[in-house]
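Quick look at work.tsv (TSV, C-alpha atoms (C1' of nucleotides)):
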chain	number	residue	atom	x	y	z
A	1	MET	CA	-9.03	25.88	17.72
A	2	LYS	CA	-9.34	29.56	16.83
A	3	LYS	CA	-6.44	31.82	17.67
A	4	VAL	CA	-5.96	35.07	19.55
A	5	LEU	CA	-2.70	36.97	19.64
A	6	VAL	CA	-1.89	39.05	22.70
A	7	ILE	CA	0.70	41.82	22.96
A	8	LEU	CA	1.47	43.01	26.47
A	9	GLY	CA	4.04	45.13	28.25
A	10	PRO	CA	4.49	48.45	30.00
A	11	THR	CA	3.54	51.76	28.51
A	12	ALA	CA	5.77	53.35	25.85
A	13	THR	CA	7.16	50.11	24.48
A	14	GLY	CA	5.38	50.40	21.16
A	15	LYS	CA	2.66	47.80	21.58
A	16	THR	CA	0.30	49.50	19.15
A	17	ASP	CA	3.02	49.91	16.51
A	18	LEU	CA	3.86	46.25	16.78
A	19	GLY	CA	0.18	45.34	16.69
A	20	LEU	CA	-0.32	47.25	13.45
A	21	PHE	CA	2.74	45.62	11.93
A	22	LEU	CA	1.49	42.15	12.82
A	23	ALA	CA	-2.09	42.89	11.81
A	24	LYS	CA	-0.91	43.61	8.29
A	25	LYS	CA	1.12	40.42	8.15
A	26	PHE	CA	-1.51	38.12	9.57
A	27	ASN	CA	-4.81	39.61	8.49
A	28	GLY	CA	-5.59	40.90	11.94
A	29	GLU	CA	-7.62	43.51	13.76
A	30	LEU	CA	-6.58	45.18	17.00
A	31	VAL	CA	-8.48	45.04	20.26
A	32	SER	CA	-7.22	47.55	22.78
A	33	CYS	CA	-6.98	46.37	26.37
A	34	ASP	CA	-6.52	49.64	28.19
A	35	SER	CA	-8.64	51.05	30.97
A	36	ARG	CA	-8.38	54.63	29.66
A	37	GLN	CA	-8.51	54.21	25.92
A	38	VAL	CA	-12.10	53.09	26.35
A	39	TYR	CA	-13.07	56.69	27.07
A	40	ARG	CA	-14.18	58.99	24.30
A	41	GLY	CA	-12.07	62.11	23.92
A	42	LEU	CA	-9.00	60.84	25.77
A	43	ASP	CA	-6.92	60.46	22.64
A	44	ILE	CA	-3.53	62.09	22.89
A	45	GLY	CA	-3.03	61.33	26.57
A	46	THR	CA	-3.81	57.64	26.14
A	47	GLY	CA	-1.86	57.27	22.92
A	48	LYS	CA	-4.66	55.97	20.76
A	49	GLU	CA	-2.75	56.76	17.65
A	50	ALA	CA	0.46	54.91	16.95
A	51	SER	CA	3.77	56.72	17.25
A	52	LYS	CA	4.22	57.23	13.53
A	53	LYS	CA	1.98	59.64	11.73
A	54	LEU	CA	-0.56	57.37	10.17
A	55	GLU	CA	-3.88	57.92	8.55
A	56	VAL	CA	-6.61	57.62	11.15
A	57	LYS	CA	-10.33	57.37	10.47
A	58	LYS	CA	-12.62	57.42	13.46
A	59	GLN	CA	-15.67	55.29	12.79
A	60	LYS	CA	-18.70	54.69	14.94
A	61	CYS	CA	-17.49	51.57	16.74
A	62	PHE	CA	-13.82	51.41	15.84
A	63	TRP	CA	-10.88	53.40	14.61
A	64	GLU	CA	-9.14	52.62	11.40
A	65	ILE	CA	-5.42	53.24	11.81
A	66	ASP	CA	-3.39	52.90	8.66
A	67	GLY	CA	-6.11	50.64	7.30
A	68	ILE	CA	-6.26	48.41	10.38
A	69	LYS	CA	-9.45	48.24	12.40
A	70	THR	CA	-8.86	48.95	16.07
A	71	TRP	CA	-11.57	48.17	18.61
A	72	MET	CA	-12.38	49.05	22.22
A	73	TYR	CA	-11.58	52.72	21.78
A	74	ASP	CA	-14.28	55.25	22.63
A	75	VAL	CA	-16.79	52.85	24.09
A	76	ALA	CA	-17.58	54.95	27.17
A	77	ASP	CA	-18.21	58.51	28.22
A	78	PRO	CA	-15.40	59.80	30.45
A	79	GLN	CA	-17.97	61.07	32.92
A	80	THR	CA	-19.24	57.56	33.55
A	81	ARG	CA	-17.33	54.86	35.31
A	82	TYR	CA	-16.18	51.95	33.25
A	83	ALA	CA	-14.85	48.81	34.93
A	84	VAL	CA	-13.42	45.37	34.25
A	85	LYS	CA	-16.79	43.72	33.82
A	86	ASP	CA	-17.81	46.18	31.13
A	87	TYR	CA	-14.55	45.68	29.35
A	88	VAL	CA	-14.48	41.91	29.47
A	89	GLY	CA	-18.03	41.59	28.18
A	90	ALA	CA	-17.58	43.99	25.29
A	91	ALA	CA	-14.11	42.83	24.27
A	92	CYS	CA	-15.23	39.23	24.29
A	93	ARG	CA	-18.06	39.95	21.87
A	94	ILE	CA	-15.78	41.84	19.53
A	95	ILE	CA	-13.20	39.08	19.53
A	96	ASP	CA	-15.88	36.59	18.55
A	97	GLU	CA	-16.97	38.84	15.70
A	98	ILE	CA	-13.44	39.27	14.40
A	99	THR	CA	-12.95	35.54	14.52
A	100	GLN	CA	-16.19	34.92	12.65
A	101	LYS	CA	-14.93	37.17	9.86
A	102	GLY	CA	-11.96	34.87	9.59
A	103	LYS	CA	-9.55	37.44	10.89
A	104	LEU	CA	-7.02	37.28	13.71
A	105	PRO	CA	-7.86	39.24	16.87
A	106	ILE	CA	-4.77	40.95	18.29
A	107	VAL	CA	-5.28	42.11	21.86
A	108	VAL	CA	-3.00	45.03	22.71
A	109	GLY	CA	-2.84	45.30	26.44
A	110	GLY	CA	-1.36	47.58	29.06
A	111	THR	CA	-3.99	47.11	31.76
A	112	GLY	CA	-3.01	43.92	33.51
A	113	LEU	CA	-6.25	43.41	35.37
A	114	TYR	CA	-8.39	43.78	32.26
A	115	LEU	CA	-6.16	41.43	30.35
A	116	ARG	CA	-6.28	38.79	33.04
A	117	GLY	CA	-10.02	39.10	33.26
A	118	LEU	CA	-10.32	38.69	29.53
A	119	LEU	CA	-7.96	35.73	29.22
A	120	ASP	CA	-8.62	33.81	32.43
A	121	GLY	CA	-12.08	35.04	33.40
A	122	PHE	CA	-13.07	36.39	36.80
A	123	SER	CA	-15.85	34.50	38.56
A	124	ASN	CA	-16.56	37.38	40.93
A	125	LEU	CA	-17.69	39.61	38.11
A	126	ALA	CA	-21.06	37.90	38.31
A	127	ILE	CA	-21.54	39.38	41.77
A	128	PRO	CA	-22.87	42.84	41.12
A	129	VAL	CA	-21.81	46.18	42.51
A	130	ASP	CA	-24.19	47.72	45.02
A	131	GLU	CA	-23.93	51.48	44.73
A	132	LYS	CA	-26.08	52.07	47.78
A	133	LEU	CA	-23.89	49.86	49.93
A	134	ARG	CA	-20.76	51.52	48.58
A	135	ARG	CA	-22.05	54.96	49.40
A	136	LYS	CA	-22.84	53.79	52.89
A	137	LEU	CA	-19.43	52.21	53.44
A	138	GLN	CA	-17.48	55.02	51.84
A	139	GLY	CA	-17.58	57.05	55.02
A	140	LEU	CA	-16.21	54.33	57.28
A	141	SER	CA	-12.67	54.39	58.54
A	142	LEU	CA	-10.19	51.69	57.67
A	143	HIS	CA	-10.59	50.15	61.10
A	144	GLU	CA	-14.37	50.10	60.82
A	145	LEU	CA	-14.20	48.40	57.44
A	146	GLN	CA	-11.83	45.80	58.82
A	147	LYS	CA	-14.11	45.11	61.75
A	148	LYS	CA	-17.12	44.85	59.50
A	149	LEU	CA	-15.52	42.29	57.23
A	150	GLN	CA	-14.21	40.28	60.17
A	151	GLU	CA	-17.74	40.07	61.54
A	152	LEU	CA	-19.38	39.25	58.21
A	153	SER	CA	-16.88	36.72	56.99
A	154	PRO	CA	-13.93	35.68	59.15
A	155	SER	CA	-12.78	33.22	56.49
A	156	ARG	CA	-12.58	35.88	53.82
A	157	TRP	CA	-10.63	38.11	56.19
A	158	GLU	CA	-8.22	35.28	56.94
A	159	LYS	CA	-7.50	34.82	53.28
A	160	MET	CA	-6.51	38.43	52.71
A	161	ASN	CA	-2.89	39.52	52.88
A	162	ASP	CA	-1.58	42.46	54.89
A	163	SER	CA	-1.55	44.76	51.94
A	164	ASP	CA	-5.19	44.09	51.06
A	165	ARG	CA	-6.30	44.31	54.67
A	166	SER	CA	-5.14	47.93	54.74
A	167	ASN	CA	-6.72	48.73	51.41
A	168	PRO	CA	-10.15	50.35	51.83
A	169	ARG	CA	-11.20	49.55	48.27
A	170	ARG	CA	-10.44	45.88	48.56
A	171	LEU	CA	-12.13	45.69	51.95
A	172	LEU	CA	-15.19	47.38	50.56
A	173	ARG	CA	-15.43	45.06	47.59
A	174	SER	CA	-14.88	42.12	49.87
A	175	ILE	CA	-17.78	43.16	52.08
A	176	GLU	CA	-19.85	43.67	48.97
A	177	LEU	CA	-19.05	40.16	47.76
A	178	VAL	CA	-20.30	38.68	51.02
A	179	ILE	CA	-23.51	40.69	51.04
A	180	MET	CA	-24.30	40.39	47.33
A	181	TYR	CA	-23.33	36.77	46.98
A	182	GLY	CA	-26.91	35.64	46.59
A	183	PHE	CA	-27.64	38.07	43.80
A	184	ILE	CA	-25.52	36.55	41.10
A	185	ASP	CA	-26.02	38.21	37.76
A	186	GLN	CA	-26.90	35.37	35.39
A	187	GLN	CA	-26.00	37.50	32.40
A	188	VAL	CA	-22.31	37.57	33.13
A	189	LYS	CA	-21.60	33.89	32.81
A	190	TYR	CA	-18.29	34.09	31.14
A	191	ARG	CA	-15.36	31.86	30.41
A	192	GLY	CA	-11.90	33.25	29.83
A	193	LEU	CA	-10.60	33.31	26.27
A	194	ASN	CA	-7.94	30.77	27.16
A	195	GLN	CA	-10.63	28.08	27.35
A	196	ARG	CA	-11.90	28.70	23.85
A	197	PHE	CA	-8.90	29.98	21.93
A	198	LYS	CA	-5.32	29.10	21.28
A	199	ILE	CA	-3.44	32.09	22.62
A	200	LEU	CA	0.03	33.39	21.92
A	201	LYS	CA	1.37	36.04	24.25
A	202	ILE	CA	4.07	38.41	23.08
A	203	GLY	CA	5.60	40.48	25.89
A	204	LEU	CA	7.71	43.56	25.33
A	205	THR	CA	10.56	44.46	27.65
A	206	VAL	CA	13.13	47.23	27.72
A	207	PRO	CA	15.78	48.26	30.26
A	208	ARG	CA	14.31	50.57	32.88
A	209	GLU	CA	16.43	53.62	32.01
A	210	VAL	CA	15.56	53.31	28.35
A	211	LEU	CA	11.92	52.98	29.22
A	212	ASN	CA	12.02	56.11	31.37
A	213	SER	CA	13.64	58.19	28.69
A	214	ARG	CA	11.14	56.89	26.13
A	215	ILE	CA	8.37	57.97	28.47
A	216	ASP	CA	9.84	61.46	28.83
A	217	LEU	CA	10.26	61.87	25.08
A	218	ARG	CA	6.74	60.70	24.48
A	219	LEU	CA	5.40	63.12	27.07
A	220	LYS	CA	7.07	66.01	25.26
A	221	ALA	CA	5.70	64.78	21.95
A	222	ARG	CA	2.21	64.59	23.40
A	223	LEU	CA	2.43	68.15	24.67
A	224	ASP	CA	3.46	69.24	21.19
A	225	GLN	CA	0.54	67.32	19.76
A	226	GLY	CA	-1.86	69.43	21.81
A	227	LEU	CA	-2.31	67.52	25.04
A	228	VAL	CA	-3.23	70.63	27.01
A	229	GLU	CA	-5.74	71.66	24.38
A	230	GLU	CA	-7.31	68.23	24.55
A	231	ALA	CA	-7.82	68.65	28.29
A	232	LYS	CA	-9.31	72.11	27.81
A	233	LYS	CA	-11.71	70.69	25.25
A	234	LEU	CA	-12.77	67.94	27.62
A	235	GLN	CA	-13.37	70.52	30.31
A	236	ALA	CA	-15.39	72.66	27.91
A	237	GLU	CA	-17.48	69.62	27.09
A	238	GLY	CA	-18.43	69.31	30.72
A	239	LEU	CA	-15.81	67.03	32.22
A	240	SER	CA	-15.13	68.30	35.73
A	241	LEU	CA	-11.55	68.74	36.88
A	242	GLU	CA	-12.43	66.50	39.76
A	243	ARG	CA	-13.29	63.66	37.40
A	244	MET	CA	-10.32	64.44	35.17
A	245	LYS	CA	-8.06	63.88	38.17
A	246	GLU	CA	-9.57	60.45	38.66
A	247	LEU	CA	-8.59	59.50	35.14
A	248	GLY	CA	-4.99	59.41	36.29
A	249	LEU	CA	-1.53	60.20	34.99
A	250	GLU	CA	-1.61	62.75	32.18
A	251	TYR	CA	-5.18	63.75	32.89
A	252	SER	CA	-4.71	64.20	36.60
A	253	GLY	CA	-1.68	66.38	35.92
A	254	LEU	CA	-3.60	68.34	33.31
A	255	ALA	CA	-6.51	68.84	35.69
A	256	ARG	CA	-4.17	70.34	38.25
A	257	LEU	CA	-2.67	72.57	35.59
A	258	LEU	CA	-6.09	73.78	34.45
A	259	GLY	CA	-7.08	74.28	38.09
A	260	LYS	CA	-3.97	76.47	38.46
A	261	GLU	CA	-2.63	74.28	41.24
A	262	ILE	CA	0.67	73.76	39.45
A	263	SER	CA	2.70	75.32	36.66
A	264	ARG	CA	3.41	73.71	33.32
A	265	GLU	CA	6.98	72.94	34.40
A	266	GLU	CA	5.81	71.35	37.62
A	267	MET	CA	3.27	69.32	35.72
A	268	ILE	CA	5.86	67.94	33.36
A	269	LYS	CA	8.08	66.97	36.26
A	270	ILE	CA	5.28	65.31	38.16
A	271	LEU	CA	3.95	63.48	35.12
A	272	SER	CA	7.36	62.16	34.20
A	273	LEU	CA	7.68	60.73	37.68
A	274	LYS	CA	4.17	59.31	37.85
A	275	ILE	CA	4.41	57.62	34.49
A	276	HIS	CA	7.75	56.07	35.43
A	277	GLN	CA	6.13	54.69	38.56
A	278	TYR	CA	3.17	53.42	36.61
A	279	ALA	CA	5.39	51.63	34.11
A	280	LYS	CA	7.19	49.98	36.99
A	281	ARG	CA	3.92	48.69	38.40
A	282	GLN	CA	3.00	47.30	35.01
A	283	VAL	CA	6.31	45.49	34.81
A	284	THR	CA	5.70	44.02	38.26
A	285	TRP	CA	2.26	42.81	37.22
A	286	PHE	CA	3.29	41.27	33.91
A	287	ARG	CA	6.29	39.55	35.43
A	288	LYS	CA	3.92	36.98	36.89
A	289	GLU	CA	2.02	36.41	33.67
A	290	GLN	CA	2.36	32.84	32.46
A	291	ASP	CA	3.54	31.63	29.05
A	292	VAL	CA	4.78	34.92	27.70
A	293	ASN	CA	7.27	35.11	24.86
A	294	TRP	CA	9.39	38.08	25.88
A	295	PHE	CA	11.20	40.33	23.41
A	296	ASP	CA	13.54	43.22	24.19
A	297	ILE	CA	12.55	46.07	21.93
A	298	THR	CA	16.06	47.54	21.97
A	299	LYS	CA	17.46	44.45	20.26
A	300	ASP	CA	18.08	44.59	16.52
A	301	ASN	CA	15.37	43.16	14.33
A	302	PHE	CA	13.13	42.53	17.27
A	303	ALA	CA	10.01	43.00	15.16
A	304	LEU	CA	11.20	40.37	12.72
A	305	GLN	CA	11.92	37.99	15.59
A	306	VAL	CA	8.41	38.52	16.83
A	307	GLU	CA	7.02	37.98	13.37
A	308	LYS	CA	8.85	34.69	13.12
A	309	CYS	CA	7.49	33.58	16.47
A	310	VAL	CA	3.96	34.54	15.49
A	311	ARG	CA	4.26	32.92	12.09
A	312	GLU	CA	5.14	29.55	13.59
A	313	TRP	CA	2.19	29.71	15.90
A	314	TYR	CA	-0.19	31.13	13.34
A	315	TYR	CA	0.39	28.40	10.77
A	316	SER	CA	0.71	25.56	13.25
A	317	VAL	CA	-1.96	22.92	13.03
A	318	ASP	CA	-3.63	21.79	16.19
A	319	GLU	CA	-3.17	18.09	16.64
A	320	GLN	CA	-5.76	17.77	19.33
A	321	THR	CA	-9.41	17.68	18.48
A	322	ASP	CA	-10.97	21.09	18.16
B	323	A	C1'	37.24	91.24	52.32
B	324	C	C1'	33.94	92.45	56.43
B	325	G	C1'	29.24	91.67	59.11
B	326	G	C1'	25.15	88.24	59.76
B	327	G	C1'	22.84	83.43	58.99
B	328	A	C1'	22.84	78.29	57.67
B	329	G	C1'	25.10	73.24	57.02
B	330	U	C1'	20.76	66.50	59.18
B	331	G	C1'	19.44	60.21	53.92
B	332	G	C1'	19.01	61.51	46.78
B	333	U	C1'	15.41	66.01	47.94
B	334	G	C1'	12.49	68.98	51.56
B	335	A	C1'	11.96	69.20	56.62
B	336	A	C1'	11.68	67.62	62.43
B	337	A	C1'	14.33	66.42	67.06
B	338	C	C1'	14.02	71.03	75.65
B	339	G	C1'	21.89	68.07	75.92
B	340	G	C1'	19.00	61.84	76.51
B	341	U	C1'	16.54	55.65	71.31
B	342	A	C1'	18.02	60.57	64.99
B	343	U	C1'	12.01	61.12	63.17
B	344	C	C1'	8.66	62.39	58.97
B	345	A	C1'	7.29	63.26	53.86
B	346	C	C1'	8.77	62.62	48.86
B	347	A	C1'	11.98	60.01	45.67
B	348	G	C1'	14.38	54.91	45.20
B	349	C	C1'	13.92	49.42	45.61
B	350	A	C1'	10.75	45.12	46.27
B	351	G	C1'	5.78	43.65	46.24
B	352	U	C1'	0.09	43.00	46.65
B	353	C	C1'	-4.08	42.42	43.25
B	354	U	C1'	-11.01	38.37	40.74
B	355	C	C1'	-15.15	45.31	38.76
B	356	C	C1'	-12.56	52.86	40.53
B	357	A	C1'	-6.52	49.08	38.27
B	358	A	C1'	-3.35	55.19	34.66
B	359	A	C1'	-6.70	53.08	40.89
B	360	A	C1'	-5.88	51.68	45.87
B	361	C	C1'	-2.59	49.39	49.23
B	362	U	C1'	1.98	46.77	51.82
B	363	G	C1'	7.18	46.13	53.09
B	364	C	C1'	12.36	47.69	52.81
B	365	U	C1'	16.88	50.66	52.10
B	366	U	C1'	19.50	55.30	53.03
B	367	U	C1'	21.15	60.67	57.04
B	368	U	C1'	23.70	64.53	61.56
B	369	C	C1'	30.04	68.86	56.65
B	370	C	C1'	35.26	68.00	58.79
B	371	A	C1'	38.82	68.14	63.14
B	372	G	C1'	39.09	68.88	68.13
B	373	G	C1'	36.89	70.10	73.03
B	374	U	C1'	33.05	70.24	77.31
B	375	U	C1'	29.75	66.20	79.23
B	376	C	C1'	27.83	59.96	82.04
B	377	A	C1'	25.56	61.47	77.27
B	378	A	C1'	26.34	66.21	71.58
B	379	A	C1'	22.60	66.94	65.47
B	380	U	C1'	22.02	70.24	69.69
B	381	C	C1'	27.00	73.65	73.75
B	382	C	C1'	32.39	75.65	72.78
B	383	U	C1'	36.90	76.36	69.39
B	384	G	C1'	38.99	75.97	64.61
B	385	G	C1'	38.45	74.65	59.43
B	386	C	C1'	35.52	73.96	54.96
B	387	U	C1'	31.10	74.98	52.03
B	388	C	C1'	26.69	77.72	50.91
B	389	C	C1'	23.21	81.96	51.40
B	390	C	C1'	22.02	87.22	52.61
B	391	G	C1'	23.77	92.26	53.46
B	392	U	C1'	27.93	95.82	52.94
B	393	G	C1'	32.15	96.85	49.95
Take the structure I supplied and represent it as structure tokens, if you would.
Amino acid sequence: MKKVLVILGPTATGKTDLGLFLAKKFNGELVSCDSRQVYRGLDIGTGKEASKKLEVKKQKCFWEIDGIKTWMYDVADPQTRYAVKDYVGAACRIIDEITQKGKLPIVVGGTGLYLRGLLDGFSNLAIPVDEKLRRKLQGLSLHELQKKLQELSPSRWEKMNDSDRSNPRRLLRSIELVIMYGFIDQQVKYRGLNQRFKILKIGLTVPREVLNSRIDLRLKARLDQGLVEEAKKLQAEGLSLERMKELGLEYSGLARLLGKEISREEMIKILSLKIHQYAKRQVTWFRKEQDVNWFDITKDNFALQVEKCVREWYYSVDEQTD
RNA sequence: ACGGGAGUGGUGAAACGGUAUCACAGCAGUCUCCAAAACUGCUUUUCCAGGUUCAAAUCCUGGCUCCCGUG
């Protein structure tokens, strides 16, 4: 059985650095699993380059960082909306290609939903989005959406938890699933990677306080690298501040700065807070992930420990029939 | 030092003498296409000491602290 290595964990734990390290050891190529790195032009704010200053060559379909090919960067225009389905389809194809070359795909993931979709597969992705319906439902109040779903599909409503029942987006998608059920998109038949590959998951952890201070340091470094200039460039290229806000974290802060809603100092304060909260949500998500080999990045020689773990798996022979 | 004003969760605010409330932060969580999104739950408060009152964050007295003005 072919193998895929997965590195996961919250932001600012050095997933890309570790990925590069392992790619060199095990003849690998990186596949980013990040809902914002897919967008062209969002480079500094999404941390496309590794923390160390390495040689980066941007190619048409991939970046070459310190000689290692890195995929799933720059596959979408930031003005368009990219979603799980797009990611899963594209990433899957690339992983197959890497495997065919005889190399090891290393998925570097911070976006839990995308990663789960890629590894386990989401059956609902075959049920298409209906823009017209969404536009129509967008105006409805929470209560109206709830009523609508209860009428359309009481069983689906019953299955939802309290949190989702108050979530307009989930309600809307749920209604969409009921209405669009008959229009299954035959193109997106898709099995999760875990059915076709032997997967090793490496998870990175770090004490919360350390993580927060790493985030703050990284934010400062990004500002020094020209984060604000990057945002100005995006704006000059036609990206509206409105859309920039939707891109979240750094970019939403930057959009407010450029829109003169907040000062630079306020922005830094807000961003620090928002990124801490985001990291916490990532930790919550990944906590439930199955079969993860966790490593604390503050421990001595952690990279070597990881390497050892990967080596055992990488050279192991599958006893079962392929 | 004098005159004036103000002290309510970690922060910013609300409460005619009548159940101390809200937002943010914090903590825990949800999750099958906006996921760096959206959403849920929980914790925590009346500066101190007296007094008036059935009842005080609220009124009175004293103390402490802070702010503004004058010196």
Report task. Please identify every residue of chain B that has at least one atom no more than 12 Å from any atom of chain A, counting only C-alpha atoms (C1' of nucleotides), and report them as a list in words. Result ->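 Residues satisfying the distance criterion: C346, A347, G348, C349, A350, G351, U352, C353, U354, C355, C356, A357, A358, A359, A360, C361, U362 and G363 of chain B.
If you look at atom CA of A:Glu237 and atom CA of A:Gly253, they are 18.4 Å away from each other.
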Query raised in the report: So how many Å separate atom CA of A:Leu304 and atom CA of A:Gly102, to one decimal?
Result: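 That distance, rounded to one decimal, is 24.0 Å.
Atom pair atom C1' of B:G329 / atom C1' of B:U367 has a distance of 13.2 Å (rounded to one decimal).
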Please check which residues have atoms at most 12 Å from (10.5, 70.7, 51.8) in the file's coordinates, counting all atoms listed in the file, and write them as an mmCIF file with C-alpha atoms (C1' of nucleotides), keeping the file's coordinate frame.
data_model
loop_
_atom_site.group_PDB
_atom_site.id
_atom_site.type_symbol
_atom_site.label_atom_id
_atom_site.label_comp_id
_atom_site.auth_asym_id
_atom_site.auth_seq_id
_atom_site.Cartn_x
_atom_site.Cartn_y
_atom_site.Cartn_z
ATOM 1 C "C1'" U B 333 15.410 66.010 47.940
ATOM 2 C "C1'" G B 334 12.490 68.980 51.560
ATOM 3 C "C1'" A B 335 11.960 69.200 56.620
ATOM 4 C "C1'" A B 336 11.680 67.620 62.430
ATOM 5 C "C1'" C B 344 8.660 62.390 58.970
ATOM 6 C "C1'" A B 345 7.290 63.260 53.860
ATOM 7 C "C1'" C B 346 8.770 62.620 48.860
#
Axis-aligned box over every listed atom of stretch 374-378 of chain B, padded by 6 Å per side: centre and edges in Å to one decimal, as JSON?
{"center_x": 29.3, "center_y": 65.1, "center_z": 76.8, "size_x": 19.5, "size_y": 22.3, "size_z": 22.5}
Requested in this report: Please provide the set of residues having any atom within 7 Å of A:Val56, restricted to all atoms listed in the file, with same-chain residues fewer than 6 positions apart removed, written as a list in words.
Outcome: Trp63, Glu64, Ile65 and Asp66 of chain A
Report task. Fewer than 3 positions away in the same chain doesn't count, so skip those; otherwise give me all residues within 12 Å of A:Ser240, counting only C-alpha atoms (C1' of nucleotides), as a list in words. Result -> Pro78, Gln79, Thr80, Ala231, Lys232, Lys233, Leu234, Gln235, Ala236, Glu237, Arg243, Met244, Lys245, Glu246, Leu247, Tyr251, Ser252, Leu254, Ala255, Arg256, Leu258 and Gly259 of chain A
What does the file look like for those residues with C-alpha atoms, as a CSV table (one decimal), in the coordinates of the input?
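out11.csv was written with the following content:
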chain,number,residue,atom,x,y,z
A,78,PRO,CA,-15.4,59.8,30.4
A,79,GLN,CA,-18.0,61.1,32.9
A,80,THR,CA,-19.2,57.6,33.6
A,231,ALA,CA,-7.8,68.6,28.3
A,232,LYS,CA,-9.3,72.1,27.8
A,233,LYS,CA,-11.7,70.7,25.2
A,234,LEU,CA,-12.8,67.9,27.6
A,235,GLN,CA,-13.4,70.5,30.3
A,236,ALA,CA,-15.4,72.7,27.9
A,237,GLU,CA,-17.5,69.6,27.1
A,243,ARG,CA,-13.3,63.7,37.4
A,244,MET,CA,-10.3,64.4,35.2
A,245,LYS,CA,-8.1,63.9,38.2
A,246,GLU,CA,-9.6,60.4,38.7
A,247,LEU,CA,-8.6,59.5,35.1
A,251,TYR,CA,-5.2,63.8,32.9
A,252,SER,CA,-4.7,64.2,36.6
A,254,LEU,CA,-3.6,68.3,33.3
A,255,ALA,CA,-6.5,68.8,35.7
A,256,ARG,CA,-4.2,70.3,38.2
A,258,LEU,CA,-6.1,73.8,34.4
A,259,GLY,CA,-7.1,74.3,38.1
Query - Protein and nucleic acid residues near (23.7, 56.0, 56.2) (cut-off 10 Å, all atoms listed in the file) as a list in words - result: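 Protein, DNA and RNA residues close to (23.7, 56.0, 56.2): G331, U365, U366 and U367 of chain B.
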Query raised in the report: Of the residues B:U343, B:U392, B:U383, B:U330, which is the one nearest to B:C369, using only C-alpha atoms (C1' of nucleotides)?
Result: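 For B:C369, the nearest of the given residues is B:U330.
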**Report entry** stretch 372-380 of chain B surroundings by only C-alpha atoms (C1' of nucleotides), 8 Å radius, close-in-sequence under 4 positions cut, as a ChimeraX atom specification
**Finding:** /B:330,339-340,342,368,384
For the selection just defined, write its residues with C-alpha atoms (C1' of nucleotides) to a file, as a PDB file, in the coordinates of the input.
ATOM      1  C1'   U B 330      20.760  66.500  59.180  1.00  0.00           C
ATOM      2  C1'   G B 339      21.890  68.070  75.920  1.00  0.00           C
ATOM      3  C1'   G B 340      19.000  61.840  76.510  1.00  0.00           C
ATOM      4  C1'   A B 342      18.020  60.570  64.990  1.00  0.00           C
ATOM      5  C1'   U B 368      23.700  64.530  61.560  1.00  0.00           C
ATOM      6  C1'   G B 384      38.990  75.970  64.610  1.00  0.00           C
TER       7        G B 384
END
Query raised in the report: Between A:Ile44, A:Ala23, A:Ile270, A:Val178, which one has atoms that come closest to A:Gln225, using only C-alpha atoms?
Result: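 Looking only at the distances to A:Gln225, the closest residue turns out to be A:Ile44.
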